[in-house]
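A.B. asks: Before we start, here is the structure in question, set down as structure tokens.
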Amino acid sequence: MGAPPTRPADRAFTRPRRRPIAAVAALAVLLAVAAGVLAGISTPAPRPADAPEGDFSAARAFRNVEVIAAEPHVAGSAANDRVREHLVGTLRGLGLQTEVQDAVAPEAGQLSGAAGGATLARVRNVVARLPGTDPTGKVFLVSHYDSVQTGPGGNDDAAGTATILEVARALTTGPRPRNDVVFVLTDAEEACLCGAAGFAADHPLARDGGVVLNLEARGSTGPVIMFETSRDNAKLVEIFGRAAPHPVGTSFAVEIYRALPNDTDFTAFGDRKFAGLNSAYIDGGAIYHTPLDVPARMDRGSLQMHGDNALGLAREFGRTDLGDLRAGHDDTYFPVLGGLISYPGWLTLPLAVAALLAVGALGWLLRRRGRATAGTLAAGFGLTLVPVVVAPLGAWLLWAAITTIRPGYAELLDPYRPVAYRLAVVAFAAAVLFCWYALLRRRVGPAALAFGGLAWLAVFGVLLAVAVPGGAYLTTLPALAGALAGFAALATRRDGPWPVVAVTLAAAVAVVILLPPVVLLFPALGMGMGAVAALVAVLLGLAVLPVVDLLHPRAGGQRGLLALRARRLGALPAAAAALAAVVLAGVGLAVDRFDAEHPVPTHLMYALDAGTGKAAWLSREEKPQPWTDGYVDGRVSIADDFPGLGSTELRGGPATAAPLPAPKLDLLSDSTSGDQRVLRVRVTPQRQVRLLTLHVDTSTATVRSATVAGRDVPVEPGDGKWGFGVVFHAPPPEGVEVTLTLVPRGGAVSVRAMDASDGLSSVPGFRPRPEGVGVVGSHSSEMLAVARTYPL
């Protein structure tokens with residue numbers, strides 16, 4: 001027999017007698033939970049300089065930030081030498097065994113460089129050791145002390161470096177730890193991660209591996225997020241949740257980061273002999289890698305959070321038996337009200353399947369109890385895709401419209417003042433959800449629509465459990481909580497308080513789980529991918545639909561004017577959210593204007609062929625700003641003339657040739673064995689530069705092997721004219737020796753040498769940027785490159 005006809009008034013999970021009071025009470029509970037969630041992922045108050053010796057003090061650490069980030073200090077520069085001297089002096093002043101590892105190191109993972117080249121650098125890592133009393137292994141605290149060429153690196157990574165100095169001071173004031181603690185301040189991270197790679201591969205202290213705690217920053221503010229772990233992280237996560245005073249981290253973040261083409265020094269420690277955690281604060285990304293990354297822009301609360309967590313973890317790992325930290329599986333974990341919840345990763349798929357079955361059982365029970373029909377359940381499931389699709393698409397279109405009005409945003413990771421824009425995206429997602437709900441509520445029914453939302457959450461949970469296990473909890477747990485709340489609501493009187501209590505508790509679970517990713521995805525991905533945060537916001541809305549329903553009049557039974565009044569009341573949440581989205585977008589445009597303190601980013605390079613005397617201005621801007629437009633016009637390919645700059649097409653324009661020398665190429669030896677020719681050359685810069693490149697013309701020879709500064713490098717021929725190349729960062733003044741074993745194709749072998757320095761002020765025709773025009777955060781901004789081809 002089929003279910004009895006469903007009256008509109010009976011289609012909801014709850015039917016409280018005092019609906020307004022129930023709505024206010026439920027919303028108050030959810031707002032209180034949301035406030036607790038936000039407090040749990042906020043930064044602590046910075047401690048003063050007179051804090052107890054054993055504590056981490058942001059004020060004490062900031063003194064080192066000011067010294068480290070006094071000026072840009074790219075690897076190999078005199079400014080970087082001064083920073084290194086300060087680090088060595090500070091660590092030795094603490095009584096620590098301190099040395100400088102001076103080496104030539106490859107890029108982390110031997111990744112290919114420009115135009116099929118191999119990347120190396122001369123690095124000088126600062127390494128200090130606090131010996132343990134009875135070591136079972138080593139704990140490595142890692143950060144990089146070099147900066148990009150365009151900024152002093154007040155946050156990236158003077159924050160991490162100063163944190164380690166203050167942690168080292170705190171550890172030396174108390175009892176020595178059981179395990180060795182090694183402080184590794186790496187060089188040339190910005191160039192190629194070469195310092196960390198050189199330490200991990202070659203330093204004796206790294207030979208047996210250990211636990212790595214890497215400290216980074218990709219912005220100027222926000223909570224410190226533990227965003228990456230080594231594989232089989234269950235024991236690491238358990239210690240992190242127990243020992244870090246502010247344990248903000250999610251297994252979802254780990255999954256996202258593994259999918260992104262980003263690397264930090266932590267990448268160099270990916271060998272199985274190392275385990276570890278990677279942490280950073282990431283909000284305020286507009287200043288990242290720019291001249292604005294100065295100490296004054298640093299949020300001292302973020303610095304305090306970095307230090308509190310690093311010190312707590314160093315002490316805990318310092319006393320833990322490090323014999324075996326690999327648990328054989330990853331954990332699922334997420335922050336909850338200032339703590340960390342975790343469970344074994346092998347539970348992910350069973351929980352997802354359980355949630356799907358529970359939601360299915362709820363649908364069956366809704367039909368049996370007369371709260372929905374098979375048709376309305378199917379409609380609720382199918383129509384739920386509307387907000388799931390429309391909200392992210394609309395958020396993307398909203399940002400596209402804003403960047404059309406303000407094209408300078410295209411070159412920024414995030415606006416300088418992004419809060420209003422972020423709230424606009426959330427409000428837009430809410431408007432879509434409320435509008436969808438108001439239009440379908442009376443026709444489909446509240447219970448059927450709530451079922452549709454829970455069903456999609458459960459389906460996404462299964463899909464994530466298979467494809468992205470660390471993120472499955474985001475939808476699995478709200479779906480499971482919602483299904484259990486539905487069962488509880490159906491088991492009690494509809495007009496009593498318990499159905500409202502049940503759906504409110506389930507909604508609270510959803511807020512605890514889904515609100516942090518809504519907040520953290522914006523700085524993690526930038527406004528350009530705000531659609532992802534909009535999607536998660538919609539999923540949160542779907543999970544709390546039974547509470548949203550309390551904002552509406554009863555689901556049916558009204559006639560005439562009462563029905564019209566009910567429909568108007570039901571439209572109010574959607575109208576209010578839509579108005580808020582428009583107003584917030586307008587506030588964002590009004591508040592976040594480009595000015596002297598928040599300049600529009602621009603990108604410009606200068607490239608000179610010293611052999612032909614031709615020069616060009618180059619820019620990576622897709623739509624050049626007015627200032628850049630004065631130098632460049634159409635698109636140009638630089639792959640043949642400047643292979644050391646890559647093969648991407650750029651904007652280009654003619655420039656006056658500057659009287660600058662190309663790097664000198666000396667042939668040290670030339671021998672032949674069979675069909676192979678062995679060339680030993682030295683490439684020497686003739687001015688102060690930060691990198692050298694050498695490329696071989698594939699039409700004149702095929703490279704079989706290569707050695708650079710005594711290190712063998714991989715030979716991975718690339719496409720185009722210059723198929724093999726070497727990129728060397730921070731070259732010594734005496735130059736770099738390169739040995740090439742190759743098979744000539746007849747005639748002279750053609751090689752092209754290039755060097756690059758920073759700063760365009762001395763270039764003919766360069767006009768200083770006016771007020772309000774800044775430098776984009778890029779490793780090639782302000783680069784001055786000089787190249788020449790040599791026949792051998």
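Identifiers for the structure tokens are assigned positionally: chains receive A, B, ... in sequence, residues are indexed from 1 per chain, and ligands are indexed from 1 in the order shown.
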Write out as a PyMOL selection string all residues of region 414-636 of chain A that DSSP puts in helix (DSSP H, G or I) for this structure's backbone.

C.D. replies: chain A and resi 419-444+446-467+469-471+473-490+498-525+527-543+545-551+561-591+626-629

A.B. asks: Give me, as a ChimeraX atom specification, all polymer residues having an atom no more than 12 Å from Ala447 (chain A), counting only C-alpha atoms and skipping those fewer than 6 positions away in the same chain.

C.D. replies: /A:6,8-15,362-367,369-373,376-381,437,440-441,453-455,482-483,486-487,489-490,503,542,544-549,555

A.B. asks: Using Å and a single decimal, report how far CA of Ala196 (chain A) sits from CA of Gly174 (chain A).

C.D. replies: 28.7 Å

A.B. asks: Quick one: residues within 9 Å of region 392-400 of chain A, only C-alpha atoms, excluding same-chain residues fewer than 5 positions away - as JSON, numbers by chain?

C.D. replies: {"A": [387, 405, 421, 424, 425, 426, 428, 429, 432, 527, 528, 529, 530, 531, 532, 533, 534, 535, 538, 585]}

A.B. asks: Save out the residues we just selected, N, CA and C atoms, as a compact mmCIF listing (two decimals), in the first residue's frame.

C.D. replies:
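again-v8.txt written:
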# COMPACT_ATOMS: atom_id res chain seq x y z
N PRO A 387 21.00 25.08 -6.50
CA PRO A 387 21.92 25.95 -5.75
C PRO A 387 23.36 25.45 -5.76
N ILE A 405 35.72 45.77 -13.56
CA ILE A 405 35.71 47.14 -13.05
C ILE A 405 37.08 47.55 -12.55
N TYR A 421 34.41 41.66 0.06
CA TYR A 421 34.20 40.79 -1.10
C TYR A 421 33.87 39.36 -0.66
N ALA A 424 30.44 39.22 0.50
CA ALA A 424 29.53 39.33 -0.64
C ALA A 424 29.30 37.98 -1.29
N VAL A 425 30.36 37.19 -1.41
CA VAL A 425 30.23 35.85 -2.00
C VAL A 425 29.36 34.96 -1.12
N VAL A 426 29.58 35.02 0.19
CA VAL A 426 28.77 34.22 1.11
C VAL A 426 27.31 34.67 1.05
N PHE A 428 25.82 36.10 -1.44
CA PHE A 428 25.26 35.67 -2.72
C PHE A 428 24.86 34.19 -2.67
N ALA A 429 25.74 33.36 -2.09
CA ALA A 429 25.41 31.94 -1.97
C ALA A 429 24.15 31.76 -1.12
N VAL A 432 21.04 32.70 -3.18
CA VAL A 432 20.65 31.63 -4.11
C VAL A 432 19.92 30.53 -3.36
N MET A 527 40.37 35.25 -4.13
CA MET A 527 39.04 35.57 -4.60
C MET A 527 38.78 35.03 -6.00
N GLY A 528 39.81 34.81 -6.77
CA GLY A 528 39.63 34.25 -8.10
C GLY A 528 38.99 32.87 -8.06
N MET A 529 39.14 32.16 -6.95
CA MET A 529 38.51 30.86 -6.77
C MET A 529 37.52 30.89 -5.60
N GLY A 530 36.91 32.06 -5.42
CA GLY A 530 35.90 32.20 -4.38
C GLY A 530 34.70 31.31 -4.60
N ALA A 531 34.54 30.81 -5.84
CA ALA A 531 33.44 29.90 -6.13
C ALA A 531 33.53 28.64 -5.28
N VAL A 532 34.74 28.22 -4.92
CA VAL A 532 34.89 27.02 -4.08
C VAL A 532 34.32 27.28 -2.70
N ALA A 533 34.62 28.45 -2.13
CA ALA A 533 34.05 28.80 -0.83
C ALA A 533 32.54 28.93 -0.94
N ALA A 534 32.03 29.45 -2.07
CA ALA A 534 30.59 29.55 -2.26
C ALA A 534 29.94 28.17 -2.26
N LEU A 535 30.61 27.20 -2.88
CA LEU A 535 30.08 25.84 -2.90
C LEU A 535 29.98 25.28 -1.48
N VAL A 538 27.12 26.80 0.36
CA VAL A 538 25.84 26.20 -0.02
C VAL A 538 25.66 24.85 0.67
N ALA A 585 29.49 44.00 -2.14
CA ALA A 585 30.36 44.16 -3.32
C ALA A 585 30.66 45.63 -3.55

A.B. asks: When DSSP is applied to the backbone of this structure, which of region 289-495 of chain A are assigned strand (DSSP E)? Write them out as an MDAnalysis selection string.

C.D. replies: chainID A and resid 331:336 339:344

A.B. asks: Quick one: write out the picked residues with N, CA and C atoms as a compact mmCIF listing (two decimals), in the first residue's frame?

C.D. replies:
# COMPACT_ATOMS: atom_id res chain seq x y z
N ASP A 331 45.27 10.06 9.02
CA ASP A 331 44.09 10.37 9.80
C ASP A 331 43.23 11.40 9.08
N THR A 332 41.94 11.35 9.34
CA THR A 332 41.06 12.46 9.02
C THR A 332 40.99 13.35 10.25
N TYR A 333 41.12 14.65 10.08
CA TYR A 333 41.13 15.54 11.24
C TYR A 333 40.65 16.93 10.85
N PHE A 334 40.16 17.67 11.85
CA PHE A 334 39.64 19.02 11.62
C PHE A 334 39.53 19.72 12.96
N PRO A 335 39.55 21.07 12.94
CA PRO A 335 39.49 21.82 14.21
C PRO A 335 38.07 21.89 14.74
N VAL A 336 37.94 21.80 16.06
CA VAL A 336 36.64 21.92 16.73
C VAL A 336 36.81 22.77 17.97
N GLY A 339 40.13 22.90 19.60
CA GLY A 339 40.81 21.62 19.69
C GLY A 339 40.87 20.96 18.32
N LEU A 340 41.21 19.69 18.30
CA LEU A 340 41.34 18.96 17.05
C LEU A 340 40.67 17.60 17.21
N ILE A 341 39.78 17.29 16.29
CA ILE A 341 39.14 15.97 16.24
C ILE A 341 39.82 15.16 15.15
N SER A 342 40.12 13.91 15.44
CA SER A 342 40.74 13.06 14.42
C SER A 342 40.20 11.64 14.56
N TYR A 343 40.21 10.93 13.44
CA TYR A 343 39.86 9.52 13.46
C TYR A 343 40.59 8.83 12.31
N PRO A 344 40.78 7.52 12.39
CA PRO A 344 41.59 6.84 11.37
C PRO A 344 41.01 6.99 9.97

A.B. asks: Just how far from CA of Asp299 (chain A) is CA of Val591 (chain A), in Å to one decimal?

C.D. replies: 20.4 Å

A.B. asks: Would you mind listing, for every residue of region 131-171 of chain A within 7 Å of region 44-58 of chain A, the two atoms forming the shortest contact and the distance between them in Å to one decimal, using only C-alpha atoms, sorted by chain and ascending residue number, as a Markdown table?

C.D. replies:
| residue | atom | partner | partner_atom | distance |
| --- | --- | --- | --- | --- |
| A:Glu166 | CA | A:Phe56 | CA | 6.6 |
| A:Val167 | CA | A:Phe56 | CA | 6.6 |
| A:Ala170 | CA | A:Gly54 | CA | 4.9 |

A.B. asks: Need to verify the contact set: region 407-418 of chain A, 9 Å, only C-alpha atoms, exclusion of same-chain residues closer than 6 positions in sequence. Can you return it as a ChimeraX atom specification?

C.D. replies: /A:283-288,522-523,525-528,588,591-594,598,600-603,621-625,776-777

A.B. asks: Residues of region 453-572 of chain A that approach region 31-39 of chain A to 7 Å or less, counting only C-alpha atoms: could you list each one with the shortest pair of atoms and its distance in Å to one decimal, rows by chain and increasing residue number, as JSON lines?

C.D. replies:
{"residue": "A:Ala508", "atom": "CA", "partner": "A:Val33", "partner_atom": "CA", "distance": 6.6}
{"residue": "A:Val511", "atom": "CA", "partner": "A:Ala34", "partner_atom": "CA", "distance": 6.4}
{"residue": "A:Val512", "atom": "CA", "partner": "A:Val37", "partner_atom": "CA", "distance": 6.2}

A.B. asks: Can you tell me, as a list in words, what residues are no more than 8 Å from region 693-695 of chain A when counting only C-alpha atoms, ignoring any on the same chain fewer than 3 positions away?

C.D. replies: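 The neighbour list is Gly117, Pro643, Gly644, Trp722, Gly723, Phe724, Gly725, Val726, Val727, Phe728, Val751, Arg752, Ala753, Met754 and Asp755 of chain A.
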
A.B. asks: Might you pull out every residue within 9 Å of region 149-154 of chain A, with only C-alpha atoms counted and same-chain residues fewer than 3 positions away left off, and present them as a ChimeraX atom specification?

C.D. replies: /A:65-66,68-75,145-146,157-159,220,288-298,758-759,775-783

A.B. asks: Write out, as a compact mmCIF listing (two decimals), in the first residue's frame, the residues just selected, with N, CA, C and O atoms.

C.D. replies:
# COMPACT_ATOMS: atom_id res chain seq x y z
N VAL A 65 62.76 39.85 13.49
CA VAL A 65 62.09 40.12 12.21
C VAL A 65 62.60 41.43 11.63
O VAL A 65 62.90 41.52 10.42
N GLU A 66 62.71 42.45 12.46
CA GLU A 66 63.14 43.77 11.98
C GLU A 66 64.57 43.73 11.43
O GLU A 66 64.89 44.44 10.47
N ILE A 68 66.14 40.88 10.21
CA ILE A 68 66.17 40.00 9.05
C ILE A 68 65.56 40.67 7.84
O ILE A 68 66.07 40.56 6.72
N ALA A 69 64.45 41.39 8.04
CA ALA A 69 63.72 41.99 6.92
C ALA A 69 63.98 43.48 6.79
O ALA A 69 63.11 44.23 6.36
N ALA A 70 65.17 43.90 7.10
CA ALA A 70 65.51 45.32 6.97
C ALA A 70 65.57 45.75 5.51
O ALA A 70 65.34 46.92 5.18
N GLU A 71 65.85 44.82 4.60
CA GLU A 71 65.96 45.11 3.17
C GLU A 71 65.82 43.80 2.41
O GLU A 71 65.94 42.71 2.99
N PRO A 72 65.55 43.86 1.11
CA PRO A 72 65.55 42.62 0.32
C PRO A 72 66.89 41.92 0.42
O PRO A 72 67.95 42.57 0.40
N HIS A 73 66.87 40.59 0.54
CA HIS A 73 68.12 39.83 0.73
C HIS A 73 68.02 38.52 -0.03
O HIS A 73 67.88 37.45 0.56
N VAL A 74 68.10 38.63 -1.33
CA VAL A 74 68.03 37.46 -2.19
C VAL A 74 69.29 36.63 -1.99
O VAL A 74 70.35 37.14 -1.61
N ALA A 75 69.18 35.33 -2.23
CA ALA A 75 70.32 34.43 -2.07
C ALA A 75 71.51 34.92 -2.88
O ALA A 75 71.39 35.30 -4.04
N TYR A 145 65.75 31.82 5.27
CA TYR A 145 66.08 33.19 5.66
C TYR A 145 66.27 34.13 4.47
O TYR A 145 66.36 35.35 4.64
N ASP A 146 66.30 33.61 3.25
CA ASP A 146 66.42 34.48 2.09
C ASP A 146 65.06 35.08 1.75
O ASP A 146 64.01 34.57 2.15
N ASP A 157 60.39 34.93 4.70
CA ASP A 157 60.00 34.12 5.82
C ASP A 157 60.77 34.57 7.06
O ASP A 157 61.27 33.76 7.81
N ALA A 158 60.86 35.92 7.21
CA ALA A 158 61.43 36.41 8.46
C ALA A 158 60.59 35.94 9.64
O ALA A 158 61.12 35.73 10.74
N ALA A 159 59.30 35.74 9.41
CA ALA A 159 58.43 35.25 10.49
C ALA A 159 58.88 33.87 10.96
O ALA A 159 59.04 33.63 12.16
N SER A 220 50.24 38.08 5.50
CA SER A 220 50.66 38.92 6.61
C SER A 220 49.84 38.72 7.87
O SER A 220 50.15 39.31 8.90
N TYR A 288 52.21 39.49 -0.63
CA TYR A 288 53.12 38.35 -0.79
C TYR A 288 54.13 38.61 -1.90
O TYR A 288 53.76 38.95 -3.03
N HIS A 289 55.40 38.48 -1.57
CA HIS A 289 56.51 38.63 -2.51
C HIS A 289 56.61 40.04 -3.11
O HIS A 289 57.14 40.21 -4.20
N THR A 290 56.11 41.04 -2.42
CA THR A 290 56.15 42.41 -2.94
C THR A 290 56.98 43.29 -2.00
O THR A 290 57.32 42.90 -0.88
N PRO A 291 57.28 44.53 -2.44
CA PRO A 291 58.00 45.45 -1.55
C PRO A 291 57.22 45.79 -0.29
O PRO A 291 57.80 46.36 0.66
N LEU A 292 55.93 45.48 -0.24
CA LEU A 292 55.12 45.78 0.93
C LEU A 292 55.27 44.76 2.05
O LEU A 292 54.72 44.95 3.13
N ASP A 293 55.99 43.68 1.80
CA ASP A 293 56.15 42.65 2.83
C ASP A 293 57.23 43.08 3.81
O ASP A 293 58.31 42.50 3.90
N VAL A 294 56.91 44.11 4.56
CA VAL A 294 57.83 44.69 5.54
C VAL A 294 57.38 44.30 6.95
O VAL A 294 56.22 43.90 7.16
N PRO A 295 58.25 44.40 7.93
CA PRO A 295 57.87 44.00 9.29
C PRO A 295 56.62 44.70 9.80
O PRO A 295 55.81 44.09 10.52
N ALA A 296 56.44 45.96 9.46
CA ALA A 296 55.29 46.70 9.98
C ALA A 296 53.96 46.11 9.53
O ALA A 296 52.92 46.35 10.16
N ARG A 297 53.97 45.34 8.45
CA ARG A 297 52.73 44.74 7.94
C ARG A 297 52.39 43.43 8.63
O ARG A 297 51.37 42.81 8.33
N MET A 298 53.22 42.97 9.53
CA MET A 298 53.02 41.67 10.15
C MET A 298 51.99 41.74 11.28
O MET A 298 52.04 42.64 12.11
N ASP A 758 68.79 42.44 -10.61
CA ASP A 758 67.52 43.05 -10.22
C ASP A 758 67.65 44.56 -10.20
O ASP A 758 68.68 45.12 -9.81
N GLY A 759 66.59 45.22 -10.62
CA GLY A 759 66.56 46.67 -10.60
C GLY A 759 66.68 47.26 -12.00
O GLY A 759 67.60 46.91 -12.75
N VAL A 775 54.80 46.88 -7.56
CA VAL A 775 55.47 45.76 -8.20
C VAL A 775 54.70 44.49 -7.86
O VAL A 775 54.40 44.23 -6.68
N VAL A 776 54.40 43.70 -8.86
CA VAL A 776 53.68 42.46 -8.62
C VAL A 776 54.61 41.45 -7.94
O VAL A 776 55.82 41.46 -8.14
N GLY A 777 54.02 40.61 -7.09
CA GLY A 777 54.82 39.59 -6.42
C GLY A 777 55.23 38.50 -7.37
O GLY A 777 54.46 37.59 -7.66
N SER A 778 56.45 38.59 -7.89
CA SER A 778 56.91 37.63 -8.90
C SER A 778 58.41 37.51 -8.80
O SER A 778 59.12 38.47 -8.47
N HIS A 779 58.92 36.31 -9.12
CA HIS A 779 60.36 36.10 -9.08
C HIS A 779 61.08 36.77 -10.25
O HIS A 779 62.31 36.82 -10.26
N SER A 780 60.33 37.26 -11.22
CA SER A 780 60.97 37.90 -12.38
C SER A 780 60.68 39.39 -12.47
O SER A 780 61.16 40.05 -13.40
N SER A 781 59.93 39.95 -11.54
CA SER A 781 59.69 41.39 -11.55
C SER A 781 61.01 42.14 -11.40
O SER A 781 61.89 41.74 -10.63
N GLU A 782 61.16 43.21 -12.19
CA GLU A 782 62.34 44.08 -12.11
C GLU A 782 63.61 43.37 -12.55
O GLU A 782 64.72 43.84 -12.25
N MET A 783 63.49 42.28 -13.27
CA MET A 783 64.68 41.55 -13.70
C MET A 783 65.34 42.23 -14.90
O MET A 783 64.67 42.74 -15.80

A.B. asks: Rank nothing, just name the residue among A:Ala191, A:Ala197, A:Val24, A:Ala543 nearest to Val104 (chain A), using only C-alpha atoms.

C.D. replies: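 Ranked by minimum distance to Val104 (chain A), first place goes to A:Ala197.
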
A.B. asks: Nearest to Val248 (chain A) among A:Leu385, A:Leu480, A:Leu322, A:Ile41, with distances taken over only C-alpha atoms: which residue is it?

C.D. replies: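 The answer is A:Ile41, which sits nearest to Val248 (chain A).
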
A.B. asks: Between A:Thr267, A:Thr684, A:Thr504, A:Asn64, which residue has the minimum interatomic distance to Glu734 (chain A), considering only C-alpha atoms?

C.D. replies: A:Thr684

A.B. asks: What is the distance between CA of Glu228 (chain A) and CA of Val509 (chain A), in Å to one decimal?

C.D. replies: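 It comes out at 24.9 Å.
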
A.B. asks: Find, counting only C-alpha atoms, the residue in A:Ala488, A:Val703, A:Ala615, A:Ala253 that gets nearest to Gly765 (chain A).

C.D. replies: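 The closest residue to Gly765 (chain A) is A:Ala615.
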
A.B. asks: Select, from A:Ser147, A:Thr161, A:Ser761, A:Asn155, the residue with the minimum atom-to-atom distance to Ala79 (chain A), counting only C-alpha atoms.

C.D. replies: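 Among the listed residues, A:Ser147 lies closest to Ala79 (chain A).
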
A.B. asks: Nearest to Gly210 (chain A) among A:Lys664, A:Arg677, A:Arg272, A:Arg315, with distances taken over only C-alpha atoms: which residue is it?

C.D. replies: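 Residue with the minimum atom-to-atom distance to Gly210 (chain A): A:Arg272.
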